[in-house]
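As stored in data.cif (mmCIF, C-alpha atoms):
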```
data_work
#
loop_
_atom_site.group_PDB
_atom_site.id
_atom_site.type_symbol
_atom_site.label_atom_id
_atom_site.label_comp_id
_atom_site.auth_asym_id
_atom_site.auth_seq_id
_atom_site.Cartn_x
_atom_site.Cartn_y
_atom_site.Cartn_z
ATOM 1 C CA MET A 1 95.022 113.996 126.470
ATOM 2 C CA GLU A 2 97.232 111.391 124.781
ATOM 3 C CA LEU A 3 97.942 111.908 121.087
ATOM 4 C CA MET A 4 97.053 109.141 118.602
ATOM 5 C CA CYS A 5 98.652 109.274 115.133
ATOM 6 C CA HIS A 6 97.215 107.793 111.946
ATOM 7 C CA SER A 7 98.613 107.231 108.453
ATOM 8 C CA SER A 8 97.556 105.240 105.382
ATOM 9 C CA THR A 9 101.071 104.107 104.473
ATOM 10 C CA PHE A 10 99.712 100.544 104.200
ATOM 11 C CA LEU A 11 98.471 101.675 100.762
ATOM 12 C CA LEU A 12 102.065 102.355 99.696
ATOM 13 C CA PRO A 13 104.483 99.607 98.599
ATOM 14 C CA PRO A 14 106.401 98.198 101.594
ATOM 15 C CA GLU A 15 109.656 98.255 99.638
ATOM 16 C CA ASN A 16 109.356 101.999 99.006
ATOM 17 C CA PRO A 17 108.827 103.585 102.429
ATOM 18 C CA ASN A 18 110.478 106.804 101.234
ATOM 19 C CA THR A 19 107.451 107.484 99.047
ATOM 20 C CA ALA A 20 105.462 108.174 102.203
ATOM 21 C CA SER A 21 105.402 111.515 103.899
ATOM 22 C CA SER A 22 108.440 111.747 106.159
ATOM 23 C CA SER A 23 106.281 112.961 109.037
ATOM 24 C CA SER A 24 104.296 109.714 108.936
ATOM 25 C CA SER A 25 107.328 107.804 110.214
ATOM 26 C CA SER A 26 105.987 108.425 113.713
ATOM 27 C CA VAL A 27 103.297 105.801 112.988
ATOM 28 C CA SER A 28 104.923 102.359 113.347
ATOM 29 C CA LEU A 29 102.372 99.539 113.421
ATOM 30 C CA THR A 30 102.088 95.779 113.031
ATOM 31 C CA TYR A 31 99.437 95.005 110.427
ATOM 32 C CA ALA A 32 97.007 92.121 110.209
ATOM 33 C CA LEU A 33 94.608 91.557 107.314
ATOM 34 C CA VAL A 34 91.017 90.277 107.386
ATOM 35 C CA VAL A 35 89.362 89.477 104.041
ATOM 36 C CA LEU A 36 85.557 89.596 104.099
ATOM 37 C CA ASN A 37 83.094 88.289 101.535
ATOM 38 C CA GLN A 38 82.951 91.240 99.126
ATOM 39 C CA ASN A 39 84.909 92.067 95.974
ATOM 40 C CA LEU A 40 88.631 92.403 96.635
ATOM 41 C CA PRO A 41 89.982 95.953 96.279
ATOM 42 C CA LYS A 42 92.631 96.211 93.572
ATOM 43 C CA PHE A 43 95.215 97.070 96.235
ATOM 44 C CA THR A 44 94.643 93.833 98.214
ATOM 45 C CA PRO A 45 98.113 92.460 97.298
ATOM 46 C CA LEU A 46 99.659 95.570 98.891
ATOM 47 C CA LEU A 47 97.756 94.955 102.117
ATOM 48 C CA TRP A 48 98.744 91.282 102.009
ATOM 49 C CA ASP A 49 102.424 92.184 101.759
ATOM 50 C CA HIS A 50 102.186 94.606 104.697
ATOM 51 C CA ALA A 51 100.354 92.122 106.934
ATOM 52 C CA HIS A 52 102.025 89.726 109.367
ATOM 53 C CA ILE A 53 98.761 87.795 109.914
ATOM 54 C CA ARG A 54 96.206 87.101 107.157
ATOM 55 C CA VAL A 55 92.768 85.739 108.020
ATOM 56 C CA CYS A 56 89.811 85.079 105.732
ATOM 57 C CA ALA A 57 86.352 85.458 107.222
ATOM 58 C CA ASP A 58 84.350 82.505 105.897
ATOM 59 C CA GLY A 59 83.397 83.406 102.291
ATOM 60 C CA GLY A 60 86.305 85.826 102.102
ATOM 61 C CA ALA A 61 88.356 82.736 101.227
ATOM 62 C CA ASN A 62 86.243 82.357 98.057
ATOM 63 C CA ARG A 63 87.204 85.927 97.122
ATOM 64 C CA VAL A 64 90.923 85.274 97.560
ATOM 65 C CA PHE A 65 90.670 82.011 95.622
ATOM 66 C CA ASP A 66 88.596 83.468 92.757
ATOM 67 C CA GLU A 67 89.725 87.083 92.503
ATOM 68 C CA MET A 68 93.382 87.228 93.494
ATOM 69 C CA PRO A 69 94.454 85.490 90.238
ATOM 70 C CA LEU A 70 92.488 88.146 88.294
ATOM 71 C CA LEU A 71 94.798 90.797 89.759
ATOM 72 C CA PHE A 72 97.769 88.949 88.206
ATOM 73 C CA PRO A 73 96.509 87.980 84.727
ATOM 74 C CA GLN A 74 100.058 87.312 83.495
ATOM 75 C CA LEU A 75 100.658 84.606 86.129
ATOM 76 C CA ASN A 76 99.476 81.021 86.461
ATOM 77 C CA PRO A 77 96.338 81.060 88.694
ATOM 78 C CA SER A 78 97.534 78.045 90.700
ATOM 79 C CA HIS A 79 100.786 79.833 91.518
ATOM 80 C CA VAL A 80 98.897 82.936 92.644
ATOM 81 C CA ARG A 81 96.584 80.859 94.858
ATOM 82 C CA SER A 82 99.524 79.117 96.483
ATOM 83 C CA ARG A 83 101.347 82.430 96.988
ATOM 84 C CA TYR A 84 98.349 84.119 98.611
ATOM 85 C CA LYS A 85 97.447 81.476 101.179
ATOM 86 C CA PRO A 86 95.664 82.735 104.302
ATOM 87 C CA ASP A 87 97.034 81.769 107.696
ATOM 88 C CA ALA A 88 93.529 80.998 108.938
ATOM 89 C CA ILE A 89 89.895 80.850 107.824
ATOM 90 C CA LYS A 90 87.399 81.605 110.562
ATOM 91 C CA GLY A 91 83.633 82.051 110.701
ATOM 92 C CA ASP A 92 80.351 80.194 110.699
ATOM 93 C CA MET A 93 81.342 78.454 107.442
ATOM 94 C CA ASP A 94 78.005 79.013 105.705
ATOM 95 C CA SER A 95 79.521 80.758 102.659
ATOM 96 C CA ILE A 96 82.872 79.141 101.863
ATOM 97 C CA ARG A 97 82.774 76.582 99.044
ATOM 98 C CA THR A 98 83.893 73.043 99.850
ATOM 99 C CA GLU A 99 86.589 72.980 97.162
ATOM 100 C CA VAL A 100 88.039 76.263 98.461
ATOM 101 C CA LEU A 101 88.065 74.999 102.051
ATOM 102 C CA ASP A 102 89.775 71.765 100.987
ATOM 103 C CA PHE A 103 92.330 73.624 98.834
ATOM 104 C CA TYR A 104 93.546 75.868 101.646
ATOM 105 C CA ALA A 105 93.342 73.128 104.289
ATOM 106 C CA ASN A 106 95.678 71.028 102.149
ATOM 107 C CA LEU A 107 98.111 73.964 102.017
ATOM 108 C CA GLY A 108 98.179 74.148 105.820
ATOM 109 C CA THR A 109 95.698 76.977 106.465
ATOM 110 C CA LYS A 110 94.134 76.715 109.922
ATOM 111 C CA ILE A 111 90.354 76.164 109.705
ATOM 112 C CA ILE A 112 88.311 77.474 112.642
ATOM 113 C CA ASP A 113 84.597 76.631 112.519
ATOM 114 C CA GLU A 114 82.527 78.835 114.826
ATOM 115 C CA SER A 115 79.106 77.974 113.436
ATOM 116 C CA GLN A 116 77.872 77.586 117.009
ATOM 117 C CA ASP A 117 78.287 81.346 117.558
ATOM 118 C CA GLN A 118 75.508 83.264 115.794
ATOM 119 C CA ASP A 119 75.705 86.336 118.063
ATOM 120 C CA THR A 120 78.820 87.905 116.507
ATOM 121 C CA THR A 121 79.767 88.762 112.939
ATOM 122 C CA ASP A 122 82.560 87.053 111.032
ATOM 123 C CA LEU A 123 84.630 90.251 111.306
ATOM 124 C CA HIS A 124 84.153 90.237 115.090
ATOM 125 C CA LYS A 125 85.297 86.596 115.225
ATOM 126 C CA CYS A 126 88.405 87.361 113.163
ATOM 127 C CA VAL A 127 89.342 90.461 115.165
ATOM 128 C CA ALA A 128 89.030 88.501 118.425
ATOM 129 C CA TYR A 129 91.188 85.718 116.957
ATOM 130 C CA ILE A 130 93.919 88.139 115.865
ATOM 131 C CA ARG A 131 93.913 89.939 119.219
ATOM 132 C CA ASP A 132 94.378 86.602 120.992
ATOM 133 C CA LEU A 133 97.447 85.889 118.823
ATOM 134 C CA VAL A 134 99.137 89.183 119.707
ATOM 135 C CA PRO A 135 100.842 89.554 123.114
ATOM 136 C CA ASN A 136 99.263 92.134 125.405
ATOM 137 C CA THR A 137 102.406 94.264 125.278
ATOM 138 C CA ASP A 138 102.075 94.604 121.483
ATOM 139 C CA LYS A 139 98.333 95.287 121.143
ATOM 140 C CA SER A 140 98.838 99.062 121.104
ATOM 141 C CA GLU A 141 100.878 98.651 117.902
ATOM 142 C CA LEU A 142 98.376 96.321 116.204
ATOM 143 C CA CYS A 143 96.365 97.596 113.236
ATOM 144 C CA ILE A 144 93.786 95.332 111.583
ATOM 145 C CA LEU A 145 92.956 96.057 107.932
ATOM 146 C CA ALA A 146 89.573 94.700 106.789
ATOM 147 C CA THR A 147 88.812 94.430 103.064
ATOM 148 C CA GLY A 148 85.287 93.871 101.791
ATOM 149 C CA ALA A 149 83.946 95.631 104.873
ATOM 150 C CA LEU A 150 82.106 98.275 102.839
ATOM 151 C CA GLY A 151 79.677 97.878 99.960
ATOM 152 C CA GLY A 152 77.049 95.192 99.588
ATOM 153 C CA ARG A 153 74.283 94.889 102.163
ATOM 154 C CA PHE A 154 73.812 97.880 104.453
ATOM 155 C CA ASP A 155 73.192 95.726 107.537
ATOM 156 C CA HIS A 156 76.575 94.047 106.955
ATOM 157 C CA GLU A 157 78.242 97.474 106.736
ATOM 158 C CA MET A 158 76.617 98.569 109.987
ATOM 159 C CA GLY A 159 77.665 95.318 111.648
ATOM 160 C CA ASN A 160 81.252 96.005 110.600
ATOM 161 C CA ILE A 161 81.093 99.585 111.882
ATOM 162 C CA ASN A 162 79.747 98.207 115.158
ATOM 163 C CA VAL A 163 82.914 96.070 115.423
ATOM 164 C CA LEU A 164 84.934 99.328 115.411
ATOM 165 C CA CYS A 165 82.974 100.402 118.481
ATOM 166 C CA ARG A 166 83.107 97.024 120.240
ATOM 167 C CA PHE A 167 86.906 96.956 119.872
ATOM 168 C CA SER A 168 87.451 100.685 120.330
ATOM 169 C CA ASN A 169 90.885 100.123 121.909
ATOM 170 C CA THR A 170 92.119 98.302 118.767
ATOM 171 C CA ARG A 171 93.019 100.046 115.517
ATOM 172 C CA ILE A 172 90.717 98.615 112.835
ATOM 173 C CA ILE A 173 90.415 100.099 109.342
ATOM 174 C CA LEU A 174 87.521 99.182 107.058
ATOM 175 C CA LEU A 175 88.435 99.352 103.368
ATOM 176 C CA SER A 176 86.856 99.306 99.930
ATOM 177 C CA ASP A 177 88.171 100.370 96.523
ATOM 178 C CA ASP A 178 86.657 103.811 97.137
ATOM 179 C CA CYS A 179 87.286 104.760 100.756
ATOM 180 C CA LEU A 180 88.401 103.789 104.236
ATOM 181 C CA ILE A 181 86.773 104.221 107.644
ATOM 182 C CA HIS A 182 88.220 104.012 111.130
ATOM 183 C CA LEU A 183 87.345 105.113 114.642
ATOM 184 C CA LEU A 184 88.776 108.177 116.377
ATOM 185 C CA PRO A 185 88.250 107.368 120.080
ATOM 186 C CA LYS A 186 87.215 110.316 122.245
ATOM 187 C CA ASN A 187 89.860 109.589 124.883
ATOM 188 C CA HIS A 188 92.618 110.686 122.475
ATOM 189 C CA SER A 189 93.436 113.711 120.403
ATOM 190 C CA HIS A 190 94.238 112.720 116.832
ATOM 191 C CA LYS A 191 96.802 113.640 114.197
ATOM 192 C CA ILE A 192 96.118 112.204 110.728
ATOM 193 C CA PHE A 193 98.995 112.262 108.227
ATOM 194 C CA ILE A 194 97.406 112.563 104.796
ATOM 195 C CA GLN A 195 99.013 110.546 102.002
ATOM 196 C CA SER A 196 97.831 112.818 99.198
ATOM 197 C CA SER A 197 99.149 110.572 96.417
ATOM 198 C CA ILE A 198 96.724 107.798 97.389
ATOM 199 C CA GLU A 199 93.866 109.336 99.389
ATOM 200 C CA GLY A 200 91.593 112.348 99.528
ATOM 201 C CA PRO A 201 90.570 114.993 99.087
ATOM 202 C CA HIS A 202 87.019 114.043 100.108
ATOM 203 C CA CYS A 203 86.581 113.140 103.759
ATOM 204 C CA GLY A 204 84.084 113.112 106.604
ATOM 205 C CA LEU A 205 83.699 112.991 110.374
ATOM 206 C CA VAL A 206 80.618 111.304 111.814
ATOM 207 C CA PRO A 207 79.708 110.966 115.523
ATOM 208 C CA ILE A 208 79.066 107.375 116.534
ATOM 209 C CA GLY A 209 77.462 106.066 119.722
ATOM 210 C CA THR A 210 76.548 109.453 121.151
ATOM 211 C CA PRO A 211 76.188 112.976 119.748
ATOM 212 C CA SER A 212 79.245 115.222 119.889
ATOM 213 C CA GLY A 213 78.802 118.335 121.977
ATOM 214 C CA SER A 214 82.152 119.753 120.854
ATOM 215 C CA SER A 215 84.446 118.734 117.977
ATOM 216 C CA THR A 216 87.413 120.744 116.721
ATOM 217 C CA THR A 217 89.593 120.158 113.645
ATOM 218 C CA THR A 218 92.405 121.728 111.668
ATOM 219 C CA GLY A 219 93.480 120.988 108.106
ATOM 220 C CA LEU A 220 90.028 120.775 106.500
ATOM 221 C CA LYS A 221 88.266 123.121 104.078
ATOM 222 C CA TRP A 222 85.365 123.387 106.524
ATOM 223 C CA ASP A 223 87.010 123.036 109.940
ATOM 224 C CA LEU A 224 84.982 122.378 113.058
ATOM 225 C CA ASN A 225 85.388 124.815 115.964
ATOM 226 C CA ASN A 226 83.850 123.416 119.151
ATOM 227 C CA THR A 227 81.055 122.300 116.836
ATOM 228 C CA GLU A 228 78.110 120.156 117.902
ATOM 229 C CA MET A 229 77.404 117.161 115.649
ATOM 230 C CA ARG A 230 74.540 114.698 115.808
ATOM 231 C CA PHE A 231 72.214 112.737 113.550
ATOM 232 C CA GLY A 232 69.231 114.935 112.843
ATOM 233 C CA GLY A 233 71.581 117.931 112.944
ATOM 234 C CA LEU A 234 75.005 118.754 111.559
ATOM 235 C CA VAL A 235 77.290 115.901 110.431
ATOM 236 C CA SER A 236 80.583 116.729 108.700
ATOM 237 C CA THR A 237 80.178 114.790 105.457
ATOM 238 C CA SER A 238 81.570 115.823 102.040
ATOM 239 C CA ASN A 239 84.391 117.784 103.638
ATOM 240 C CA ILE A 240 87.724 118.386 101.876
ATOM 241 C CA VAL A 241 91.300 117.837 103.100
ATOM 242 C CA LYS A 242 93.354 121.020 102.622
ATOM 243 C CA GLU A 243 96.579 120.291 104.563
ATOM 244 C CA ASP A 244 99.078 117.430 104.879
ATOM 245 C CA ILE A 245 98.063 116.942 108.508
ATOM 246 C CA VAL A 246 94.537 116.919 109.911
ATOM 247 C CA THR A 247 93.990 117.198 113.660
ATOM 248 C CA VAL A 248 90.796 116.161 115.449
ATOM 249 C CA GLN A 249 89.584 116.396 119.014
ATOM 250 C CA SER A 250 86.076 115.569 120.199
ATOM 251 C CA ASP A 251 84.061 114.706 123.282
ATOM 252 C CA SER A 252 82.551 111.697 121.479
ATOM 253 C CA ASP A 253 83.862 108.877 119.349
ATOM 254 C CA LEU A 254 83.982 109.858 115.681
ATOM 255 C CA LEU A 255 84.241 107.901 112.460
ATOM 256 C CA TRP A 256 86.894 109.263 110.078
ATOM 257 C CA THR A 257 86.439 108.466 106.411
ATOM 258 C CA ILE A 258 88.528 109.535 103.420
ATOM 259 C CA SER A 259 88.323 108.679 99.731
ATOM 260 C CA ILE A 260 90.952 106.400 98.158
ATOM 261 C CA LYS A 261 92.308 107.310 94.760
ATOM 262 C CA LYS A 262 92.399 104.739 91.984
ATOM 263 C CA LEU A 263 95.701 102.943 92.575
#
```

Here is a file; write its structure as structure tokens.
Amino acid sequence: MELMCHSSTFLLPPENPNTASSSSSSVSLTYALVVLNQNLPKFTPLLWDHAHIRVCADGGANRVFDEMPLLFPQLNPSHVRSRYKPDAIKGDMDSIRTEVLDFYANLGTKIIDESQDQDTTDLHKCVAYIRDLVPNTDKSELCILATGALGGRFDHEMGNINVLCRFSNTRIILLSDDCLIHLLPKNHSHKIFIQSSIEGPHCGLVPIGTPSGSSTTTGLKWDLNNTEMRFGGLVSTSNIVKEDIVTVQSDSDLLWTISIKKL
């Protein structure tokens, strides 16, 4: 089974790669950023600097316009807004304010109105857009970071988690100030390099789509050993990272979640 490696080095400054664990250098990815319509995490500027493509999902543009200047109180808000200009705004355009849309359009941001499509979420639309921009040969190295994907309405959270499953062959990480979530596809074994300065120790593994008949881990306080997991039975929540590397193998897709320390 092919090995898939994971690391949260996108939460470390790009100019200081040596602050990351040296073993995480095996994870070399091209990042894209999607900003959804929830409060911006305090580390959003870090994600912005890592990303090669930055897309706001509809009302996510309001968040960048309103909240990014608050993260730089010593700077002129107009300078911050010009500096953090999304490459594109995409969605059904039912949340973005007119003055925000006009501001970014005048700066050259691409505006993509998909109000005719009410069958997919704004995150789904943005992920599909980013995938279309990336050549097929590079998709295996693509990692999409989604801020504002957690918190707020529960049905929105579940819709965002469903996007992980619908694009299971694309690395997508859902982020809030408190934690991150991403999919561990069952057709890979997984090695997760823990960045202990910025994440952990609390973590969890949750089966998604189908129950897990057998899941095995190393590196956790309560490791799984060919363990069955299902809703209505055992689910590995409130676990604790104990090692610098966590390994996971399962016969079903799992969600991996880990707490993010206050940066």

Residue with smallest distance to Ile53 in chain A - pool A:Pro69, A:Gly213, A:Gly148, A:Pro86, counting all atoms listed in the file: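 Ranked by minimum distance to Ile53 in chain A, first place goes to A:Pro86.
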
Proximity to Arg131 in chain A - best of A:Thr30, A:Thr218, A:Asn37, A:Ser197, only C-alpha atoms: A:Thr30

Of the listed residues A:Ile172, A:Ile96, A:Ile208, A:Ala88, that which approaches Met158 in chain A most closely, counting only C-alpha atoms: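 The shortest atom-to-atom distance to Met158 in chain A comes from A:Ile208.
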
Point-to-point distance from CA of Thr217 in chain A to CA of Phe10 in chain A, Å rounded to tenths: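 One can read the CA of Thr217 in chain A to CA of Phe10 in chain A distance as 24.0 Å.
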
Point-to-point distance in Å for CA of Leu184 in chain A and CA of His202 in chain A: 17.4 Å

Test item: residues at most 12 Å from Gly159 in chain A, only C-alpha atoms, excluding those fewer than 3 positions along its chain, as a list in words: Asp119, Thr120, Thr121, Asp122, Leu123, His124, Ala149, Leu150, Arg153, Phe154, Asp155, His156, Asn162, Val163, Leu164, Cys165, Arg166 and Leu174 of chain A

Chain and number of each residue from the PyMOL selection byres ((chain A and resi 239-249) around 7), as a PDB file with C-alpha atoms, keeping the file's coordinate frame:
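result.pdb, freshly written:
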```pdb
ATOM      1  CA  SER A 189      93.436 113.711 120.403  1.00  0.00           C
ATOM      2  CA  HIS A 190      94.238 112.720 116.832  1.00  0.00           C
ATOM      3  CA  LYS A 191      96.802 113.640 114.197  1.00  0.00           C
ATOM      4  CA  ILE A 192      96.118 112.204 110.728  1.00  0.00           C
ATOM      5  CA  PHE A 193      98.995 112.262 108.227  1.00  0.00           C
ATOM      6  CA  ILE A 194      97.406 112.563 104.796  1.00  0.00           C
ATOM      7  CA  GLY A 200      91.593 112.348  99.528  1.00  0.00           C
ATOM      8  CA  PRO A 201      90.570 114.993  99.087  1.00  0.00           C
ATOM      9  CA  HIS A 202      87.019 114.043 100.108  1.00  0.00           C
ATOM     10  CA  CYS A 203      86.581 113.140 103.759  1.00  0.00           C
ATOM     11  CA  GLY A 204      84.084 113.112 106.604  1.00  0.00           C
ATOM     12  CA  SER A 215      84.446 118.734 117.977  1.00  0.00           C
ATOM     13  CA  THR A 216      87.413 120.744 116.721  1.00  0.00           C
ATOM     14  CA  THR A 217      89.593 120.158 113.645  1.00  0.00           C
ATOM     15  CA  THR A 218      92.405 121.728 111.668  1.00  0.00           C
ATOM     16  CA  GLY A 219      93.480 120.988 108.106  1.00  0.00           C
ATOM     17  CA  LEU A 220      90.028 120.775 106.500  1.00  0.00           C
ATOM     18  CA  LYS A 221      88.266 123.121 104.078  1.00  0.00           C
ATOM     19  CA  TRP A 222      85.365 123.387 106.524  1.00  0.00           C
ATOM     20  CA  SER A 236      80.583 116.729 108.700  1.00  0.00           C
ATOM     21  CA  THR A 237      80.178 114.790 105.457  1.00  0.00           C
ATOM     22  CA  SER A 238      81.570 115.823 102.040  1.00  0.00           C
ATOM     23  CA  SER A 250      86.076 115.569 120.199  1.00  0.00           C
TER      24      SER A 250
END
```

Please rebuild range 168-182 of chain A with N, CA and C atoms and give the result as a CSV table (one decimal), in the frame of the given file.
```
chain,number,residue,atom,x,y,z
A,168,SER,N,87.0,99.3,120.5
A,168,SER,CA,87.5,100.7,120.3
A,168,SER,C,88.9,100.9,120.7
A,169,ASN,N,89.5,100.0,121.5
A,169,ASN,CA,90.9,100.1,121.9
A,169,ASN,C,91.8,99.4,120.9
A,170,THR,N,91.3,98.9,119.8
A,170,THR,CA,92.1,98.3,118.8
A,170,THR,C,92.0,99.1,117.5
A,171,ARG,N,93.1,99.4,116.8
A,171,ARG,CA,93.0,100.0,115.5
A,171,ARG,C,92.5,99.1,114.5
A,172,ILE,N,91.3,99.4,113.9
A,172,ILE,CA,90.7,98.6,112.8
A,172,ILE,C,90.3,99.6,111.7
A,173,ILE,N,90.7,99.2,110.5
A,173,ILE,CA,90.4,100.1,109.3
A,173,ILE,C,89.6,99.3,108.3
A,174,LEU,N,88.4,99.8,108.0
A,174,LEU,CA,87.5,99.2,107.1
A,174,LEU,C,87.8,99.8,105.7
A,175,LEU,N,88.0,98.9,104.7
A,175,LEU,CA,88.4,99.4,103.4
A,175,LEU,C,87.6,98.8,102.2
A,176,SER,N,87.4,99.7,101.2
A,176,SER,CA,86.9,99.3,99.9
A,176,SER,C,87.7,99.9,98.9
A,177,ASP,N,87.4,99.7,97.6
A,177,ASP,CA,88.2,100.4,96.5
A,177,ASP,C,88.1,101.9,96.6
A,178,ASP,N,87.0,102.4,97.2
A,178,ASP,CA,86.7,103.8,97.1
A,178,ASP,C,87.0,104.6,98.4
A,179,CYS,N,87.1,104.0,99.5
A,179,CYS,CA,87.3,104.8,100.8
A,179,CYS,C,87.7,103.9,101.9
A,180,LEU,N,88.1,104.5,103.0
A,180,LEU,CA,88.4,103.8,104.2
A,180,LEU,C,87.7,104.5,105.4
A,181,ILE,N,87.4,103.7,106.4
A,181,ILE,CA,86.8,104.2,107.6
A,181,ILE,C,87.5,103.7,108.9
A,182,HIS,N,87.8,104.5,109.8
A,182,HIS,CA,88.2,104.0,111.1
A,182,HIS,C,87.7,104.9,112.3
```
